[in-house]
file protein.cif (mmCIF, C-alpha atoms)
data_run
#
loop_
_atom_site.group_PDB
_atom_site.id
_atom_site.type_symbol
_atom_site.label_atom_id
_atom_site.label_comp_id
_atom_site.auth_asym_id
_atom_site.auth_seq_id
_atom_site.Cartn_x
_atom_site.Cartn_y
_atom_site.Cartn_z
ATOM 1 C CA MET A 7 5.266 12.946 3.176
ATOM 2 C CA SER A 8 4.380 13.646 6.743
ATOM 3 C CA GLY A 9 6.672 11.023 8.342
ATOM 4 C CA ASP A 10 10.098 12.013 9.624
ATOM 5 C CA ALA A 11 13.166 12.264 7.431
ATOM 6 C CA ALA A 12 13.992 8.614 8.097
ATOM 7 C CA GLY A 13 10.716 7.594 6.457
ATOM 8 C CA SER A 14 8.755 6.416 9.482
ATOM 9 C CA PRO A 15 5.059 5.653 8.974
ATOM 10 C CA ASP A 16 2.800 8.642 8.440
ATOM 11 C CA ARG A 17 -0.243 9.500 10.497
ATOM 12 C CA PRO A 18 -3.589 10.258 8.881
ATOM 13 C CA GLY A 19 -4.717 13.851 9.089
ATOM 14 C CA ASP A 20 -1.618 15.708 7.918
ATOM 15 C CA ASP A 21 -2.396 17.310 4.560
ATOM 16 C CA ASP A 22 -5.537 15.191 4.179
ATOM 17 C CA PRO A 23 -6.851 15.629 0.622
ATOM 18 C CA GLY A 24 -10.492 15.225 1.698
ATOM 19 C CA ARG A 25 -13.099 13.064 0.009
ATOM 20 C CA GLY A 26 -11.920 10.649 -2.668
ATOM 21 C CA ARG A 27 -10.573 7.204 -3.356
ATOM 22 C CA ARG A 28 -7.399 5.974 -1.697
ATOM 23 C CA LEU A 29 -5.070 3.382 -3.191
ATOM 24 C CA GLY A 30 -3.349 0.813 -0.966
ATOM 25 C CA LEU A 31 -0.218 -1.046 -2.037
ATOM 26 C CA ASP A 32 1.490 -4.104 -0.587
ATOM 27 C CA VAL A 33 4.860 -3.877 -2.359
ATOM 28 C CA GLY A 34 6.765 -7.119 -2.751
ATOM 29 C CA THR A 35 9.671 -8.203 -4.896
ATOM 30 C CA VAL A 36 7.510 -10.607 -6.934
ATOM 31 C CA ARG A 37 3.975 -9.167 -6.675
ATOM 32 C CA ILE A 38 2.284 -5.943 -5.660
ATOM 33 C CA GLY A 39 -1.143 -6.214 -4.073
ATOM 34 C CA VAL A 40 -3.464 -3.341 -4.946
ATOM 35 C CA ALA A 41 -6.602 -2.193 -3.122
ATOM 36 C CA VAL A 42 -8.798 0.874 -3.491
ATOM 37 C CA SER A 43 -11.319 2.561 -1.223
ATOM 38 C CA ASP A 44 -14.754 3.909 -1.979
ATOM 39 C CA PRO A 45 -14.916 7.701 -2.506
ATOM 40 C CA ASP A 46 -15.985 8.257 1.112
ATOM 41 C CA GLY A 47 -12.921 6.416 2.437
ATOM 42 C CA ILE A 48 -14.896 3.853 4.406
ATOM 43 C CA LEU A 49 -14.191 0.475 2.816
ATOM 44 C CA ALA A 50 -11.112 -0.945 1.099
ATOM 45 C CA THR A 51 -11.606 -3.549 -1.631
ATOM 46 C CA PRO A 52 -9.113 -5.614 -3.639
ATOM 47 C CA VAL A 53 -8.315 -4.493 -7.185
ATOM 48 C CA GLU A 54 -5.608 -6.734 -8.615
ATOM 49 C CA THR A 55 -2.177 -8.194 -8.137
ATOM 50 C CA VAL A 56 0.483 -6.667 -10.352
ATOM 51 C CA ARG A 57 3.571 -8.692 -11.181
ATOM 52 C CA ALA A 58 6.657 -6.794 -10.005
ATOM 53 C CA GLU A 59 9.170 -6.355 -12.796
ATOM 54 C CA PRO A 60 12.868 -6.213 -12.038
ATOM 55 C CA GLY A 61 14.027 -2.635 -11.665
ATOM 56 C CA THR A 62 17.440 -1.385 -10.745
ATOM 57 C CA GLY A 63 18.256 -2.152 -7.135
ATOM 58 C CA ASP A 64 15.233 -1.304 -5.025
ATOM 59 C CA HIS A 65 13.714 0.915 -7.715
ATOM 60 C CA PRO A 66 10.411 -0.033 -9.339
ATOM 61 C CA GLY A 67 10.376 -1.762 -12.695
ATOM 62 C CA HIS A 68 7.958 -1.485 -15.591
ATOM 63 C CA GLU A 69 4.982 -2.343 -13.358
ATOM 64 C CA LEU A 70 5.055 1.241 -12.100
ATOM 65 C CA GLY A 71 3.153 2.221 -15.254
ATOM 66 C CA ARG A 72 0.316 -0.150 -14.300
ATOM 67 C CA ILE A 73 0.179 1.273 -10.773
ATOM 68 C CA LEU A 74 -0.003 4.797 -12.214
ATOM 69 C CA ASP A 75 -2.784 3.696 -14.606
ATOM 70 C CA ILE A 76 -4.804 2.243 -11.707
ATOM 71 C CA THR A 77 -4.268 5.482 -9.785
ATOM 72 C CA GLU A 78 -5.539 7.563 -12.699
ATOM 73 C CA ASP A 79 -8.419 5.218 -13.631
ATOM 74 C CA ASN A 80 -9.757 5.397 -10.060
ATOM 75 C CA ALA A 81 -9.221 9.174 -9.631
ATOM 76 C CA VAL A 82 -7.138 8.418 -6.530
ATOM 77 C CA VAL A 83 -6.535 11.347 -4.148
ATOM 78 C CA GLU A 84 -4.029 9.585 -1.855
ATOM 79 C CA VAL A 85 -1.775 6.515 -2.020
ATOM 80 C CA VAL A 86 -0.912 4.382 1.020
ATOM 81 C CA VAL A 87 2.154 2.144 0.706
ATOM 82 C CA GLY A 88 2.666 -0.551 3.316
ATOM 83 C CA LEU A 89 5.935 -0.221 5.235
ATOM 84 C CA PRO A 90 7.081 -3.717 6.277
ATOM 85 C CA VAL A 91 9.130 -3.146 9.410
ATOM 86 C CA THR A 92 10.006 -5.993 11.764
ATOM 87 C CA LEU A 93 8.015 -6.574 14.938
ATOM 88 C CA ARG A 94 10.727 -4.618 16.769
ATOM 89 C CA GLY A 95 10.389 -1.743 14.297
ATOM 90 C CA ARG A 96 13.620 -2.416 12.428
ATOM 91 C CA ASP A 97 14.226 -2.010 8.719
ATOM 92 C CA THR A 98 14.793 -4.815 6.231
ATOM 93 C CA ALA A 99 15.492 -4.900 2.502
ATOM 94 C CA SER A 100 11.707 -4.947 2.011
ATOM 95 C CA THR A 101 11.348 -1.821 4.146
ATOM 96 C CA ARG A 102 13.896 0.001 1.993
ATOM 97 C CA ARG A 103 12.149 -1.179 -1.187
ATOM 98 C CA ALA A 104 8.790 0.147 0.051
ATOM 99 C CA ARG A 105 10.345 3.525 0.878
ATOM 100 C CA VAL A 106 11.985 3.782 -2.536
ATOM 101 C CA TYR A 107 8.706 2.740 -4.173
ATOM 102 C CA ALA A 108 6.807 5.422 -2.248
ATOM 103 C CA GLU A 109 9.380 8.067 -3.164
ATOM 104 C CA THR A 110 9.223 7.118 -6.846
ATOM 105 C CA LEU A 111 5.420 7.340 -6.747
ATOM 106 C CA ARG A 112 5.692 10.795 -5.125
ATOM 107 C CA GLU A 113 7.933 11.949 -7.959
ATOM 108 C CA GLU A 114 5.611 10.537 -10.625
ATOM 109 C CA LEU A 115 2.317 11.717 -9.107
ATOM 110 C CA GLY A 116 3.493 15.137 -7.957
ATOM 111 C CA PRO A 117 2.200 17.104 -4.998
ATOM 112 C CA SER A 118 -1.489 16.771 -5.885
ATOM 113 C CA VAL A 119 -1.619 13.092 -4.786
ATOM 114 C CA PRO A 120 0.044 12.515 -1.401
ATOM 115 C CA VAL A 121 1.876 9.205 -0.974
ATOM 116 C CA ARG A 122 1.941 7.907 2.604
ATOM 117 C CA LEU A 123 3.743 5.081 4.360
ATOM 118 C CA ALA A 124 1.674 2.893 6.691
ATOM 119 C CA ASP A 125 3.019 0.366 9.183
ATOM 120 C CA GLU A 126 2.039 -3.002 7.763
ATOM 121 C CA ARG A 127 3.336 -5.369 10.418
ATOM 122 C CA LEU A 128 1.486 -8.655 10.198
ATOM 123 C CA SER A 129 -0.669 -7.630 7.199
ATOM 124 C CA THR A 130 0.435 -10.569 5.061
ATOM 125 C CA MET A 131 0.000 -12.957 7.985
ATOM 126 C CA ALA A 132 -3.510 -11.618 8.643
ATOM 127 C CA ALA A 133 -4.363 -11.911 4.939
ATOM 128 C CA THR A 134 -2.993 -15.469 4.747
ATOM 129 C CA GLN A 135 -4.976 -16.546 7.819
ATOM 130 C CA ALA A 136 -8.158 -14.996 6.408
ATOM 131 C CA MET A 137 -7.669 -16.817 3.101
ATOM 132 C CA GLN A 138 -6.994 -20.128 4.823
ATOM 133 C CA ALA A 139 -10.084 -19.640 6.996
ATOM 134 C CA SER A 140 -12.133 -19.219 3.806
ATOM 135 C CA GLY A 141 -10.698 -22.445 2.360
ATOM 136 C CA VAL A 142 -8.119 -20.965 -0.041
ATOM 137 C CA SER A 143 -4.645 -22.486 0.228
ATOM 138 C CA ALA A 144 -1.663 -20.153 0.434
ATOM 139 C CA ARG A 145 -0.174 -21.727 -2.690
ATOM 140 C CA LYS A 146 -3.292 -21.308 -4.833
ATOM 141 C CA GLY A 147 -4.161 -17.907 -3.447
ATOM 142 C CA ARG A 148 -0.810 -16.072 -3.544
ATOM 143 C CA GLY A 149 -2.081 -13.299 -5.796
ATOM 144 C CA ARG A 150 -5.225 -12.902 -3.735
ATOM 145 C CA ILE A 151 -3.185 -12.881 -0.527
ATOM 146 C CA ASP A 152 -1.238 -9.889 -1.860
ATOM 147 C CA GLN A 153 -4.515 -8.119 -2.635
ATOM 148 C CA ALA A 154 -5.878 -9.007 0.799
ATOM 149 C CA ALA A 155 -2.701 -7.630 2.406
ATOM 150 C CA ALA A 156 -3.209 -4.382 0.453
ATOM 151 C CA VAL A 157 -6.821 -4.281 1.693
ATOM 152 C CA HIS A 158 -5.595 -4.822 5.272
ATOM 153 C CA ILE A 159 -3.057 -1.974 4.945
ATOM 154 C CA LEU A 160 -5.540 0.415 3.363
ATOM 155 C CA GLN A 161 -8.402 -0.459 5.723
ATOM 156 C CA GLY A 162 -6.168 0.200 8.727
ATOM 157 C CA TRP A 163 -5.263 3.586 7.232
ATOM 158 C CA LEU A 164 -8.909 4.431 6.512
ATOM 159 C CA ASP A 165 -9.978 3.477 10.046
ATOM 160 C CA ALA A 166 -7.199 5.595 11.582
ATOM 161 C CA ARG A 167 -8.073 8.486 9.255
ATOM 162 C CA ARG A 168 -11.736 8.310 10.242
ATOM 163 C CA ARG A 169 -10.805 8.425 13.959
ATOM 164 C CA THR A 170 -8.464 11.374 13.319
ATOM 165 C CA ILE A 171 -10.875 13.547 11.319
ATOM 166 C CA SER A 172 -13.998 12.764 13.381
#
call {"tool": "encode", "arguments": {"input": "protein.cif", "output": "structure tokens"}}
result
Amino acid sequence: MSGDAAGSPDRPGDDDPGRGRRLGLDVGTVRIGVAVSDPDGILATPVETVRAEPGTGDHPGHELGRILDITEDNAVVEVVVGLPVTLRGRDTASTRRARVYAETLREELGPSVPVRLADERLSTMAATQAMQASGVSARKGRGRIDQAAAVHILQGWLDARRRTIS
């Protein structure tokens, strides 16, 4: 991880694995939104919403296997986990859960697939507003909102990466 020891968001460019698909995750306590990029790292698209299973404390549950399967099935070269800090940059229980999730993924995937943390402030709000603008209610579209939040997180990472490596 290229962030500091406290687990601050990473910046694209450090240890960039090059061309390949990236996986974006919006980690919640109930659902995990999943998005993937094209191999050129230009466009993020929704994949699915995975139901979060109870783990121990902040640790992932059985859904981790599904996330690892998606990573393998898509030949992912980098994973981007949204880091939900407050608007003032403070940690919450959700922030700690995302960090633990990222660390567990690092352990499972090994050094060949970097796992990054990306500031995701307002991603769920942006996704909810986009869904409502398209006529989907928040209640009916919860799973899709999680996917849209993952797309928002990953697309922001891809755009920053493109600016960094250009």
call {"tool": "resolve_selection", "arguments": {"input": "protein.cif", "expression": "the PyMOL selection byres ((chain A and resi 152) around 7)", "output": "compact mmCIF listing (two decimals) with C-alpha atoms, in the coordinates of the input"}}
result
# COMPACT_ATOMS: atom_id res chain seq x y z
CA ASP A 32 1.49 -4.10 -0.59
CA ILE A 38 2.28 -5.94 -5.66
CA GLY A 39 -1.14 -6.21 -4.07
CA THR A 55 -2.18 -8.19 -8.14
CA ARG A 148 -0.81 -16.07 -3.54
CA GLY A 149 -2.08 -13.30 -5.80
CA ARG A 150 -5.22 -12.90 -3.74
CA ILE A 151 -3.18 -12.88 -0.53
CA GLN A 153 -4.51 -8.12 -2.64
CA ALA A 154 -5.88 -9.01 0.80
CA ALA A 155 -2.70 -7.63 2.41
CA ALA A 156 -3.21 -4.38 0.45
call {"tool": "residues_around", "arguments": {"input": "protein.cif", "residues": "Ile159 of chain A", "least_positions_apart": "3", "cutoff": "12 Å", "atoms": "all atoms listed in the file", "output": "mmCIF file with C-alpha atoms, keeping the file's coordinate frame"}}
result
data_model
loop_
_atom_site.group_PDB
_atom_site.id
_atom_site.type_symbol
_atom_site.label_atom_id
_atom_site.label_comp_id
_atom_site.auth_asym_id
_atom_site.auth_seq_id
_atom_site.Cartn_x
_atom_site.Cartn_y
_atom_site.Cartn_z
ATOM 1 C CA PRO A 15 5.059 5.653 8.974
ATOM 2 C CA ARG A 28 -7.399 5.974 -1.697
ATOM 3 C CA LEU A 29 -5.070 3.382 -3.191
ATOM 4 C CA GLY A 30 -3.349 0.813 -0.966
ATOM 5 C CA LEU A 31 -0.218 -1.046 -2.037
ATOM 6 C CA ASP A 32 1.490 -4.104 -0.587
ATOM 7 C CA VAL A 33 4.860 -3.877 -2.359
ATOM 8 C CA GLY A 39 -1.143 -6.214 -4.073
ATOM 9 C CA VAL A 40 -3.464 -3.341 -4.946
ATOM 10 C CA ALA A 41 -6.602 -2.193 -3.122
ATOM 11 C CA VAL A 42 -8.798 0.874 -3.491
ATOM 12 C CA SER A 43 -11.319 2.561 -1.223
ATOM 13 C CA LEU A 49 -14.191 0.475 2.816
ATOM 14 C CA ALA A 50 -11.112 -0.945 1.099
ATOM 15 C CA THR A 51 -11.606 -3.549 -1.631
ATOM 16 C CA PRO A 52 -9.113 -5.614 -3.639
ATOM 17 C CA VAL A 85 -1.775 6.515 -2.020
ATOM 18 C CA VAL A 86 -0.912 4.382 1.020
ATOM 19 C CA VAL A 87 2.154 2.144 0.706
ATOM 20 C CA GLY A 88 2.666 -0.551 3.316
ATOM 21 C CA LEU A 89 5.935 -0.221 5.235
ATOM 22 C CA PRO A 90 7.081 -3.717 6.277
ATOM 23 C CA ARG A 122 1.941 7.907 2.604
ATOM 24 C CA LEU A 123 3.743 5.081 4.360
ATOM 25 C CA ALA A 124 1.674 2.893 6.691
ATOM 26 C CA ASP A 125 3.019 0.366 9.183
ATOM 27 C CA GLU A 126 2.039 -3.002 7.763
ATOM 28 C CA ARG A 127 3.336 -5.369 10.418
ATOM 29 C CA LEU A 128 1.486 -8.655 10.198
ATOM 30 C CA SER A 129 -0.669 -7.630 7.199
ATOM 31 C CA THR A 130 0.435 -10.569 5.061
ATOM 32 C CA MET A 131 0.000 -12.957 7.985
ATOM 33 C CA ALA A 132 -3.510 -11.618 8.643
ATOM 34 C CA ALA A 133 -4.363 -11.911 4.939
ATOM 35 C CA ASP A 152 -1.238 -9.889 -1.860
ATOM 36 C CA GLN A 153 -4.515 -8.119 -2.635
ATOM 37 C CA ALA A 154 -5.878 -9.007 0.799
ATOM 38 C CA ALA A 155 -2.701 -7.630 2.406
ATOM 39 C CA ALA A 156 -3.209 -4.382 0.453
ATOM 40 C CA GLY A 162 -6.168 0.200 8.727
ATOM 41 C CA TRP A 163 -5.263 3.586 7.232
ATOM 42 C CA LEU A 164 -8.909 4.431 6.512
ATOM 43 C CA ASP A 165 -9.978 3.477 10.046
ATOM 44 C CA ALA A 166 -7.199 5.595 11.582
#
call {"tool": "atom_distance", "arguments": {"input": "protein.cif", "atom1": "atom CA of Asp75 of chain A", "atom2": "atom CA of Arg168 of chain A"}}
result
26.8 Å
call {"tool": "closest_residue", "arguments": {"input": "protein.cif", "among": "A:Pro60, A:Gly116, A:Pro66, A:Pro23", "to": "Asp46 of chain A", "atoms": "all atoms listed in the file"}}
result
A:Pro23
call {"tool": "resolve_selection", "arguments": {"input": "protein.cif", "expression": "the PyMOL selection byres ((chain A and resi 58) around 8)", "output": "NGL selection string"}}
result
:A and (34-38 or 56-57 or 59-60 or 66-69)
call {"tool": "write_last_selection", "arguments": {"input": "protein.cif", "atoms": "C-alpha atoms", "output": "mmCIF file, in the coordinates of the input"}}
result
data_model
loop_
_atom_site.group_PDB
_atom_site.id
_atom_site.type_symbol
_atom_site.label_atom_id
_atom_site.label_comp_id
_atom_site.auth_asym_id
_atom_site.auth_seq_id
_atom_site.Cartn_x
_atom_site.Cartn_y
_atom_site.Cartn_z
ATOM 1 C CA GLY A 34 6.765 -7.119 -2.751
ATOM 2 C CA THR A 35 9.671 -8.203 -4.896
ATOM 3 C CA VAL A 36 7.510 -10.607 -6.934
ATOM 4 C CA ARG A 37 3.975 -9.167 -6.675
ATOM 5 C CA ILE A 38 2.284 -5.943 -5.660
ATOM 6 C CA VAL A 56 0.483 -6.667 -10.352
ATOM 7 C CA ARG A 57 3.571 -8.692 -11.181
ATOM 8 C CA GLU A 59 9.170 -6.355 -12.796
ATOM 9 C CA PRO A 60 12.868 -6.213 -12.038
ATOM 10 C CA PRO A 66 10.411 -0.033 -9.339
ATOM 11 C CA GLY A 67 10.376 -1.762 -12.695
ATOM 12 C CA HIS A 68 7.958 -1.485 -15.591
ATOM 13 C CA GLU A 69 4.982 -2.343 -13.358
#
